[in-house]
Amino acid sequence: MSREKEHPLRLGPTGKRDVRTQFGALCWRRKKGEVQVMLVTTRGTGRWIPPKGWPMDGATPAGAAAVEAFEEAGVEGESNGACLGIYTYTKEMPGDDLPCVVALFAIRVTKVHAVWPEMHQRRRKWMCPKKAAASVKEPELRRLLRDFDPRHLSGKA
């Protein structure tokens, strides 16, 4: 089956009340034959989440997710560029909360760094998908984590 090539984004202006899009990384590995996923804590509340962030001009969605995986969790890896699914949440901001939708991309981790940009602002933790699902607040994210099976990924991942 052929897949269309993923293209970099060109960002335009957004309105104050627009739903914002973010790109997240479902970082995963196999350890002793078992699948593990990595979550990080938020800087504010310390909740567990996948690494995620805003679109980056000139980057593909999966590429932006990979940058966030390195900056927030200190990991690098491979992605096939396919979106696993989306989840929504409300980003609490001073003065006004923002509705956000996150497109999640699987990244098979090939390197874990001992030092990374946000290491003093976040904790990271490997866990089984079921435990990860129980650790997050968002129902759609909980389902994506619980149902994650890398055998269903095509391409590099």
# chains A, B, ... in the order shown; residues from 1 in each chain; ligands from 1
$ residues_around --residues "A:Thr42" --least-positions-apart "6" --cutoff "8 Å" --atoms "only C-alpha atoms" --output "NGL selection string"
:A and (48-49 or 122)
$ write_last_selection --atoms "C-alpha atoms" --output "compact mmCIF listing (two decimals), in the first residue's frame"
# COMPACT_ATOMS: atom_id res chain seq x y z
CA TRP A 48 2.02 12.44 33.44
CA ILE A 49 1.77 13.15 29.68
CA ARG A 122 10.44 17.25 34.14
$ select_by_dssp --residues "chain A" --states "helix (DSSP H, G or I)" --output "MDAnalysis selection string"
chainID A and resid 61:73 129:135 139:146 150:152
$ write_last_selection --atoms "N, CA and C atoms" --output "PDB file, in the first residue's frame"
ATOM      1  N   PRO A  61       4.587  17.151  11.057  1.00  0.00           N
ATOM      2  CA  PRO A  61       4.022  16.859  12.376  1.00  0.00           C
ATOM      3  C   PRO A  61       4.827  15.806  13.159  1.00  0.00           C
ATOM      4  N   ALA A  62       5.210  14.716  12.508  1.00  0.00           N
ATOM      5  CA  ALA A  62       6.001  13.687  13.193  1.00  0.00           C
ATOM      6  C   ALA A  62       7.381  14.215  13.560  1.00  0.00           C
ATOM      7  N   GLY A  63       7.935  15.071  12.720  1.00  0.00           N
ATOM      8  CA  GLY A  63       9.231  15.683  13.017  1.00  0.00           C
ATOM      9  C   GLY A  63       9.160  16.588  14.234  1.00  0.00           C
ATOM     10  N   ALA A  64       8.075  17.366  14.339  1.00  0.00           N
ATOM     11  CA  ALA A  64       7.884  18.225  15.513  1.00  0.00           C
ATOM     12  C   ALA A  64       7.734  17.372  16.771  1.00  0.00           C
ATOM     13  N   ALA A  65       7.010  16.257  16.675  1.00  0.00           N
ATOM     14  CA  ALA A  65       6.848  15.355  17.817  1.00  0.00           C
ATOM     15  C   ALA A  65       8.206  14.786  18.248  1.00  0.00           C
ATOM     16  N   ALA A  66       9.055  14.465  17.278  1.00  0.00           N
ATOM     17  CA  ALA A  66      10.381  13.925  17.591  1.00  0.00           C
ATOM     18  C   ALA A  66      11.247  14.964  18.311  1.00  0.00           C
ATOM     19  N   VAL A  67      11.150  16.225  17.898  1.00  0.00           N
ATOM     20  CA  VAL A  67      11.885  17.295  18.584  1.00  0.00           C
ATOM     21  C   VAL A  67      11.428  17.388  20.036  1.00  0.00           C
ATOM     22  N   GLU A  68      10.113  17.338  20.262  1.00  0.00           N
ATOM     23  CA  GLU A  68       9.583  17.397  21.625  1.00  0.00           C
ATOM     24  C   GLU A  68      10.040  16.193  22.445  1.00  0.00           C
ATOM     25  N   ALA A  69      10.100  15.014  21.825  1.00  0.00           N
ATOM     26  CA  ALA A  69      10.571  13.820  22.531  1.00  0.00           C
ATOM     27  C   ALA A  69      11.993  14.024  23.047  1.00  0.00           C
ATOM     28  N   PHE A  70      12.841  14.645  22.239  1.00  0.00           N
ATOM     29  CA  PHE A  70      14.206  14.912  22.687  1.00  0.00           C
ATOM     30  C   PHE A  70      14.236  15.989  23.766  1.00  0.00           C
ATOM     31  N   GLU A  71      13.567  17.123  23.510  1.00  0.00           N
ATOM     32  CA  GLU A  71      13.630  18.243  24.454  1.00  0.00           C
ATOM     33  C   GLU A  71      13.020  17.903  25.809  1.00  0.00           C
ATOM     34  N   GLU A  72      11.861  17.250  25.814  1.00  0.00           N
ATOM     35  CA  GLU A  72      11.148  16.989  27.064  1.00  0.00           C
ATOM     36  C   GLU A  72      11.543  15.681  27.733  1.00  0.00           C
ATOM     37  N   ALA A  73      11.905  14.664  26.945  1.00  0.00           N
ATOM     38  CA  ALA A  73      12.174  13.335  27.520  1.00  0.00           C
ATOM     39  C   ALA A  73      13.595  12.846  27.301  1.00  0.00           C
ATOM     40  N   PRO A 129       2.066  -0.010  28.758  1.00  0.00           N
ATOM     41  CA  PRO A 129       0.969   0.817  28.256  1.00  0.00           C
ATOM     42  C   PRO A 129      -0.249   0.875  29.189  1.00  0.00           C
ATOM     43  N   LYS A 130      -0.572  -0.230  29.856  1.00  0.00           N
ATOM     44  CA  LYS A 130      -1.726  -0.251  30.765  1.00  0.00           C
ATOM     45  C   LYS A 130      -1.505   0.687  31.950  1.00  0.00           C
ATOM     46  N   LYS A 131      -0.301   0.662  32.528  1.00  0.00           N
ATOM     47  CA  LYS A 131      -0.002   1.557  33.649  1.00  0.00           C
ATOM     48  C   LYS A 131       0.050   3.004  33.171  1.00  0.00           C
ATOM     49  N   ALA A 132       0.603   3.231  31.980  1.00  0.00           N
ATOM     50  CA  ALA A 132       0.638   4.583  31.425  1.00  0.00           C
ATOM     51  C   ALA A 132      -0.784   5.117  31.243  1.00  0.00           C
ATOM     52  N   ALA A 133      -1.662   4.273  30.732  1.00  0.00           N
ATOM     53  CA  ALA A 133      -3.060   4.680  30.534  1.00  0.00           C
ATOM     54  C   ALA A 133      -3.708   5.072  31.856  1.00  0.00           C
ATOM     55  N   ALA A 134      -3.408   4.338  32.898  1.00  0.00           N
ATOM     56  CA  ALA A 134      -3.983   4.642  34.215  1.00  0.00           C
ATOM     57  C   ALA A 134      -3.368   5.897  34.829  1.00  0.00           C
ATOM     58  N   SER A 135      -2.238   6.360  34.298  1.00  0.00           N
ATOM     59  CA  SER A 135      -1.521   7.505  34.855  1.00  0.00           C
ATOM     60  C   SER A 135      -1.919   8.843  34.249  1.00  0.00           C
ATOM     61  N   PRO A 139      -9.300  11.059  28.746  1.00  0.00           N
ATOM     62  CA  PRO A 139      -9.880   9.765  28.362  1.00  0.00           C
ATOM     63  C   PRO A 139      -9.411   9.259  26.996  1.00  0.00           C
ATOM     64  N   GLU A 140      -9.311  10.139  25.991  1.00  0.00           N
ATOM     65  CA  GLU A 140      -8.878   9.679  24.653  1.00  0.00           C
ATOM     66  C   GLU A 140      -7.426   9.226  24.676  1.00  0.00           C
ATOM     67  N   LEU A 141      -6.585   9.930  25.433  1.00  0.00           N
ATOM     68  CA  LEU A 141      -5.181   9.535  25.569  1.00  0.00           C
ATOM     69  C   LEU A 141      -5.092   8.210  26.308  1.00  0.00           C
ATOM     70  N   ARG A 142      -5.899   8.039  27.312  1.00  0.00           N
ATOM     71  CA  ARG A 142      -5.929   6.783  28.069  1.00  0.00           C
ATOM     72  C   ARG A 142      -6.210   5.612  27.119  1.00  0.00           C
ATOM     73  N   ARG A 143      -7.185   5.790  26.221  1.00  0.00           N
ATOM     74  CA  ARG A 143      -7.530   4.739  25.261  1.00  0.00           C
ATOM     75  C   ARG A 143      -6.378   4.480  24.294  1.00  0.00           C
ATOM     76  N   LEU A 144      -5.739   5.556  23.779  1.00  0.00           N
ATOM     77  CA  LEU A 144      -4.622   5.385  22.842  1.00  0.00           C
ATOM     78  C   LEU A 144      -3.477   4.610  23.493  1.00  0.00           C
ATOM     79  N   LEU A 145      -3.178   4.913  24.739  1.00  0.00           N
ATOM     80  CA  LEU A 145      -2.101   4.217  25.447  1.00  0.00           C
ATOM     81  C   LEU A 145      -2.477   2.764  25.727  1.00  0.00           C
ATOM     82  N   ARG A 146      -3.678   2.556  26.223  1.00  0.00           N
ATOM     83  CA  ARG A 146      -4.135   1.200  26.566  1.00  0.00           C
ATOM     84  C   ARG A 146      -4.135   0.283  25.344  1.00  0.00           C
ATOM     85  N   PRO A 150       2.633  -1.981  18.969  1.00  0.00           N
ATOM     86  CA  PRO A 150       3.542  -1.654  17.864  1.00  0.00           C
ATOM     87  C   PRO A 150       3.489  -2.638  16.699  1.00  0.00           C
ATOM     88  N   ARG A 151       2.878  -3.804  16.894  1.00  0.00           N
ATOM     89  CA  ARG A 151       2.743  -4.749  15.784  1.00  0.00           C
ATOM     90  C   ARG A 151       1.826  -4.201  14.701  1.00  0.00           C
ATOM     91  N   HIS A 152       0.999  -3.215  15.066  1.00  0.00           N
ATOM     92  CA  HIS A 152       0.074  -2.621  14.086  1.00  0.00           C
ATOM     93  C   HIS A 152       0.687  -1.458  13.339  1.00  0.00           C
TER      94      HIS A 152
END
$ closest_atom_pairs --of "stretch 43-87 of chain A" --to "stretch 106-113 of chain A" --cutoff "7 Å" --atoms "only C-alpha atoms" --output "CSV"
residue,atom,partner,partner_atom,distance
A:Gly74,CA,A:His113,CA,5.2
A:Val75,CA,A:Val112,CA,4.6
A:Glu76,CA,A:Lys111,CA,5.2
A:Gly77,CA,A:Val109,CA,4.1
A:Glu78,CA,A:Arg108,CA,5.2
A:Ser79,CA,A:Ile107,CA,4.7
A:Leu84,CA,A:Ala106,CA,6.8
$ write_last_selection --atoms "N, CA, C and O atoms" --output "PDB file, in the first residue's frame"
ATOM      1  N   GLY A  74      14.355  13.525  26.446  1.00  0.00           N
ATOM      2  CA  GLY A  74      15.739  13.100  26.220  1.00  0.00           C
ATOM      3  C   GLY A  74      15.879  11.816  25.443  1.00  0.00           C
ATOM      4  O   GLY A  74      16.813  11.055  25.665  1.00  0.00           O
ATOM      5  N   VAL A  75      14.943  11.563  24.515  1.00  0.00           N
ATOM      6  CA  VAL A  75      15.021  10.351  23.715  1.00  0.00           C
ATOM      7  C   VAL A  75      15.004  10.689  22.228  1.00  0.00           C
ATOM      8  O   VAL A  75      14.469  11.713  21.814  1.00  0.00           O
ATOM      9  N   GLU A  76      15.594   9.806  21.446  1.00  0.00           N
ATOM     10  CA  GLU A  76      15.566   9.894  19.989  1.00  0.00           C
ATOM     11  C   GLU A  76      15.103   8.558  19.449  1.00  0.00           C
ATOM     12  O   GLU A  76      15.261   7.532  20.106  1.00  0.00           O
ATOM     13  N   GLY A  77      14.552   8.582  18.227  1.00  0.00           N
ATOM     14  CA  GLY A  77      14.106   7.334  17.651  1.00  0.00           C
ATOM     15  C   GLY A  77      13.575   7.488  16.253  1.00  0.00           C
ATOM     16  O   GLY A  77      13.851   8.477  15.577  1.00  0.00           O
ATOM     17  N   GLU A  78      12.798   6.493  15.836  1.00  0.00           N
ATOM     18  CA  GLU A  78      12.276   6.422  14.474  1.00  0.00           C
ATOM     19  C   GLU A  78      10.753   6.443  14.497  1.00  0.00           C
ATOM     20  O   GLU A  78      10.133   5.858  15.376  1.00  0.00           O
ATOM     21  N   SER A  79      10.175   7.117  13.495  1.00  0.00           N
ATOM     22  CA  SER A  79       8.730   7.162  13.348  1.00  0.00           C
ATOM     23  C   SER A  79       8.385   6.884  11.894  1.00  0.00           C
ATOM     24  O   SER A  79       9.127   7.271  10.992  1.00  0.00           O
ATOM     25  N   LEU A  84      -1.204   8.100  15.220  1.00  0.00           N
ATOM     26  CA  LEU A  84      -1.872   7.007  15.934  1.00  0.00           C
ATOM     27  C   LEU A  84      -3.302   7.371  16.299  1.00  0.00           C
ATOM     28  O   LEU A  84      -4.153   6.503  16.454  1.00  0.00           O
TER      29      LEU A  84
END
$ atom_distance --atom1 "atom CA of A:Lys32" --atom2 "atom CA of A:Phe148"
17.6 Å
$ closest_residue --among "A:Asp57, A:Thr21, A:Leu98, A:Leu26" --to "A:Cys83" --atoms "only C-alpha atoms"
A:Leu26
$ closest_residue --among "A:Arg124, A:Lys137, A:Arg20, A:Arg29" --to "A:Thr41" --atoms "only C-alpha atoms"
A:Arg124
$ atom_distance --atom1 "atom CA of A:Leu104" --atom2 "atom CA of A:Lys31"
22.0 Å
$ closest_residue --among "A:Ala103, A:Ala114, A:Met93, A:Cys128" --to "A:Gly44" --atoms "only C-alpha atoms"
A:Met93
$ residues_around --residues "A:Pro50" --least-positions-apart "3" --cutoff "8 Å" --atoms "only C-alpha atoms" --output "PDB file with C-alpha atoms, in the first residue's frame"
ATOM      1  CA  GLY A  24       2.875  14.466  20.654  1.00  0.00           C
ATOM      2  CA  ALA A  25       5.295  11.560  20.763  1.00  0.00           C
ATOM      3  CA  LEU A  26       4.309   8.119  22.005  1.00  0.00           C
ATOM      4  CA  CYS A  27       7.868   7.034  22.798  1.00  0.00           C
ATOM      5  CA  MET A  38       7.653   6.754  28.247  1.00  0.00           C
ATOM      6  CA  LEU A  39       5.708   9.551  29.873  1.00  0.00           C
ATOM      7  CA  VAL A  40       7.011  12.832  31.268  1.00  0.00           C
TER       8      VAL A  40
END
$ atom_distance --atom1 "atom CA of A:Asp96" --atom2 "atom CA of A:Arg47"
20.0 Å
$ select_by_dssp --residues "stretch 21-155 of chain A" --states "strand (DSSP E or B)" --output "ChimeraX atom specification"
/A:21-31,34-41,48-49,52-53,75-78,83-91,98-112,124-127
$ decode --residues "stretch 38-76 of chain A" --atoms "N, CA and C atoms" --output "short mmCIF file (atom, residue, chain, number, x, y, z; two decimals), in the first residue's frame"
data_model
loop_
_atom_site.label_atom_id
_atom_site.label_comp_id
_atom_site.auth_asym_id
_atom_site.auth_seq_id
_atom_site.Cartn_x
_atom_site.Cartn_y
_atom_site.Cartn_z
N MET A 38 7.11 5.76 27.34
CA MET A 38 7.65 6.75 28.25
C MET A 38 6.69 7.93 28.37
N LEU A 39 6.45 8.33 29.60
CA LEU A 39 5.71 9.55 29.87
C LEU A 39 6.62 10.51 30.62
N VAL A 40 6.28 11.79 30.54
CA VAL A 40 7.01 12.83 31.27
C VAL A 40 6.01 13.61 32.11
N THR A 41 6.52 14.33 33.10
CA THR A 41 5.63 15.16 33.90
C THR A 41 5.52 16.54 33.26
N THR A 42 4.37 17.17 33.50
CA THR A 42 4.20 18.56 33.07
C THR A 42 5.04 19.44 33.99
N ARG A 43 5.40 20.61 33.47
CA ARG A 43 6.19 21.53 34.29
C ARG A 43 5.36 22.14 35.42
N GLY A 44 4.09 22.37 35.16
CA GLY A 44 3.26 23.05 36.16
C GLY A 44 2.72 22.14 37.23
N THR A 45 1.88 21.18 36.84
CA THR A 45 1.16 20.35 37.82
C THR A 45 1.83 19.02 38.13
N GLY A 46 2.80 18.61 37.32
CA GLY A 46 3.45 17.33 37.55
C GLY A 46 2.65 16.14 37.08
N ARG A 47 1.60 16.38 36.26
CA ARG A 47 0.81 15.27 35.70
C ARG A 47 1.66 14.52 34.67
N TRP A 48 1.34 13.24 34.46
CA TRP A 48 2.02 12.44 33.44
C TRP A 48 1.37 12.66 32.08
N ILE A 49 2.21 12.91 31.06
CA ILE A 49 1.77 13.15 29.68
C ILE A 49 2.83 12.61 28.73
N PRO A 50 2.48 12.41 27.46
CA PRO A 50 3.53 12.13 26.47
C PRO A 50 4.20 13.46 26.12
N PRO A 51 5.45 13.44 25.69
CA PRO A 51 6.08 14.69 25.22
C PRO A 51 5.24 15.27 24.08
N LYS A 52 5.01 16.56 24.11
CA LYS A 52 4.20 17.20 23.07
C LYS A 52 4.52 18.67 23.00
N GLY A 53 4.17 19.29 21.88
CA GLY A 53 4.40 20.71 21.75
C GLY A 53 3.73 21.28 20.52
N TRP A 54 3.99 22.54 20.28
CA TRP A 54 3.36 23.28 19.20
C TRP A 54 3.96 22.92 17.84
N PRO A 55 3.20 23.14 16.77
CA PRO A 55 3.75 22.95 15.42
C PRO A 55 4.99 23.81 15.22
N MET A 56 5.88 23.34 14.38
CA MET A 56 7.12 24.07 14.09
C MET A 56 7.15 24.36 12.60
N ASP A 57 7.30 25.62 12.27
CA ASP A 57 7.33 26.03 10.87
C ASP A 57 8.45 25.27 10.15
N GLY A 58 8.11 24.64 9.03
CA GLY A 58 9.09 23.91 8.24
C GLY A 58 9.31 22.47 8.67
N ALA A 59 8.66 22.03 9.77
CA ALA A 59 8.79 20.65 10.24
C ALA A 59 7.51 19.88 9.93
N THR A 60 7.63 18.60 9.71
CA THR A 60 6.45 17.76 9.58
C THR A 60 5.85 17.56 10.97
N PRO A 61 4.59 17.15 11.06
CA PRO A 61 4.02 16.86 12.38
C PRO A 61 4.83 15.81 13.16
N ALA A 62 5.21 14.72 12.51
CA ALA A 62 6.00 13.69 13.19
C ALA A 62 7.38 14.22 13.56
N GLY A 63 7.93 15.07 12.72
CA GLY A 63 9.23 15.68 13.02
C GLY A 63 9.16 16.59 14.23
N ALA A 64 8.07 17.37 14.34
CA ALA A 64 7.88 18.23 15.51
C ALA A 64 7.73 17.37 16.77
N ALA A 65 7.01 16.26 16.67
CA ALA A 65 6.85 15.36 17.82
C ALA A 65 8.21 14.79 18.25
N ALA A 66 9.05 14.46 17.28
CA ALA A 66 10.38 13.93 17.59
C ALA A 66 11.25 14.96 18.31
N VAL A 67 11.15 16.23 17.90
CA VAL A 67 11.89 17.30 18.58
C VAL A 67 11.43 17.39 20.04
N GLU A 68 10.11 17.34 20.26
CA GLU A 68 9.58 17.40 21.63
C GLU A 68 10.04 16.19 22.44
N ALA A 69 10.10 15.01 21.83
CA ALA A 69 10.57 13.82 22.53
C ALA A 69 11.99 14.02 23.05
N PHE A 70 12.84 14.64 22.24
CA PHE A 70 14.21 14.91 22.69
C PHE A 70 14.24 15.99 23.77
N GLU A 71 13.57 17.12 23.51
CA GLU A 71 13.63 18.24 24.45
C GLU A 71 13.02 17.90 25.81
N GLU A 72 11.86 17.25 25.81
CA GLU A 72 11.15 16.99 27.06
C GLU A 72 11.54 15.68 27.73
N ALA A 73 11.91 14.66 26.95
CA ALA A 73 12.17 13.34 27.52
C ALA A 73 13.59 12.85 27.30
N GLY A 74 14.36 13.52 26.45
CA GLY A 74 15.74 13.10 26.22
C GLY A 74 15.88 11.82 25.44
N VAL A 75 14.94 11.56 24.52
CA VAL A 75 15.02 10.35 23.71
C VAL A 75 15.00 10.69 22.23
N GLU A 76 15.59 9.81 21.45
CA GLU A 76 15.57 9.89 19.99
C GLU A 76 15.10 8.56 19.45
#
